[in-house]
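Heads up: the structure comes next, in C-alpha cells.
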Amino acid sequence: MRKIIFLSLVFLFFASCTTQKPLYNWDKYEITSYNYLKNNDEKSAQELIVTYQKIIEKQNGTRKVVPPGIYADYGFLLLQANKTEEGKAMLLKEISLYPESKIFIDRILKMMEK
Amino acid sequence: MKKTIFLFAAVTVLLSACTTTDPIAKSVAYKGMYNEKPLTILLMPPINKSTNVEAKEYFHSTLNIPIANAGFYVIPTFLSMEMLKRESAYDAELFLNSPITKFGEVFGADLALFTIIHKWDKSGIAAKVYVEVEYIIFSTKTNEIVYTRRGDVIYDASVSTGAGGIAGLVADIALSAINTAVTKYVDVARACNAYTFKDLPAGKYSPRYMMDGSEISGKKIFRATLNKNYR
C-alpha cells in the first residue's frame with residue numbers, strides 16, 4: 001500500500017514539475033559564448049564558431065530548427081574574421097528563418113555597405 | 001499512523017515544490033505579456049552591482065537559452081551587443097528609468113530585459129555561491145514592466161567523491177573547491193536564469209503558446225537553493 005502511495009506521489013511530482021523536451025539544442029553554447037565574451041581572442045572565437053556549426057548541424061529539440069540568433073551571431077563572427085560573403089549569407093539565413101529579425105539585420109547590412 | 005504522516009509529509013513536499021502561498025494565475029501576474037503577445041526580446045547587458053566583476057559575463061552568456069527555449073525570439077546576442085556599443089548604449093543602467101521605445105525601432109524588439117546583479121558572494125569551504133539578482137522585462141510599446149522577479153539564490157557547488165569518513169570529507173572539500181574555481185560560475189548564473197525564466201509565459205514558438213495563462217505563477221520575490229543539476 002505504502003509503495004503504491006509513494007509511487008503515485010512520485011509520479012504526480014514529476015508530472016507536475018518536470019520540463020518537456022527543450023525547443024532547441026545548444027551544444028556547448030554557454031561556456032563557449034562566455035569565453036568569447038570574456039576573452040574576445042582568436043581561440044575563443046574559433047571555439048564559438050565550432051559551437052555554432054554544431055548547433056546548426058544538429059537539432060533534435062521539439063522544433064527541429066536552428067535557435068533564434070544563431071545564424072546571425074555566427075555570421076557576425078565570420079564578418080569579424082573578414083569572411084564577408086559567408087557572414088552576409090548567414091545574416092540572410094537568419095532573416096529567412098526568423099522574419100522578425102529583418103528590422104535589425106537589415107540595419108546591420110546597410111551599415112556594412114557604408 | 002506512520003502511513004498518514006508519510007503521506008502528509010509527501011504532500012507537503014509536493015506542494016511546496018510547485019505552488020506559491022498566494023496563488024496568482026500567470027495571465028494575471030504577467031497580464032501585459034498575454035495582452036501584447038510579444039515575440040522579440042532584446043537582452044540588455046547585465047548591470048553589475050556586485051563585488052565580483054565577472055558576474056556580468058556569467059549572466060550575459062546564459063540569458064538567451066532559457067528565454068529562447070520558452071518560445072521567444074531573442075535578438076542575436078553578440079550582434080546586438082556590438083550595436084549597443086556603437087550607439088554608446090552599452091551601459092544598461094542609463095535606460096532603466098527612461099523610455100525604451102527606441103529599442104523597439106532599432107532592434108525590432110517588443111521587449112527589453114534588464115538584469116541587475118545585486119550580490120555575488122562565494123564561500124570557499126562550503127563551496128557555496130550566494131547571489132541576489134533582479135530581472136525586469138519592459139514592453140517597448142508601453143514602457144511598462146511586464147515581467148519581473150527577484151531572487152535570493154544559494155548555489156551549492158559541492159560535489160561528493162562518494163568516499164566516506166574523514167578522508168572522504170577532506171577529499172570532498174578539496175574537489176568542491178576545484179570544481180568551484182573552474183567553470184562552475186557560469187553554471188551559477190545559468191541556474192539562476194533557468195529558475196527565473198521557468199515562469200515566463202510560453203512564447204510564440206512554444207507548443208504551449210497562449211495555453212498556460214491559468215497556470216499558477218511563481219513568486220515575484222523568491223528564495224531558492226540550486227545546483228548544477230537544476231534544469
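Identifiers in the C-alpha cells: chain A, B, ... in order shown; residue index from 1 per chain; ligand index from 1 in order shown.
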
Taking only C-alpha atoms into account, report as a ChimeraX atom specification which residues of chain B lie within 6 Å of chain A. /B:61-62,69,73-74,76,78-79,107-108

Expected answer as a PyMOL selection string: alpha helix (DSSP H) residues in segment 20-208 of chain B: chain B and resi 26-29+31-36+55-60+64-69+77-86+101-107+165-181+184-197

List the spatial neighbours of Asp199 of chain B as a list in words - criterion: any atom at most 10 Å away, only C-alpha atoms, same-chain residues fewer than 5 positions off excluded. Lys26, Tyr30, Ala70, Tyr147, Arg149, Ala194, Glu215, Ile216, Ser217, Gly218, Lys219 and Lys220 of chain B

Using the chain letters and numbers from this document, which residues of segment 3-226 of chain B does DSSP assign to strand (DSSP E), as a VMD selection string? chain B and resid 40 to 43 47 to 48 73 to 74 111 to 123 128 to 139 145 to 156 221 to 226

What's around Arg223 of chain B at 8 Å? Count only C-alpha atoms, leave out sequence neighbours fewer than 2 positions away in its own chain, and write the answer as a VMD selection string. chain B and resid 151 to 153 221 225

Now that the selection is made, can you save its residues with C-alpha atoms as a tab-separated table (two decimals), in the first residue's frame?
```tsv
chain	number	residue	atom	x	y	z
B	151	GLY	CA	15.78	36.01	-6.42
B	152	ASP	CA	17.90	35.23	-3.45
B	153	VAL	CA	19.79	32.17	-4.59
B	221	ILE	CA	10.48	37.53	-4.88
B	225	THR	CA	18.80	26.63	-3.42
```

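The protein and nucleic acid residues lying at most 7 Å from segment 112-129 of chain B are Ile41, Leu42, Leu43, Met44, Pro46, Ile47, Asn48, Lys49, Ser50, Thr51, Asn52, Tyr135, Ile136, Ile137, Phe138, Ser139, Thr140, Ile154, Tyr155, Asp156, Ala157, Ser158, Ile173, Ser176, Ala177 and Thr180 of chain B, with only C-alpha atoms considered and sequence neighbours fewer than 6 positions away removed.
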
Computed interatomic separation between atom CA of Phe72 of chain B and atom CA of Leu39 of chain B (Å):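 Atom-to-atom, atom CA of Phe72 of chain B to atom CA of Leu39 of chain B, that is 5.4 Å.
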
Between atom CA of Thr40 of chain B and atom CA of Tyr230 of chain B, distance in Å (one decimal):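 If I compute the distance from atom CA of Thr40 of chain B to atom CA of Tyr230 of chain B, I get 26.1 Å.
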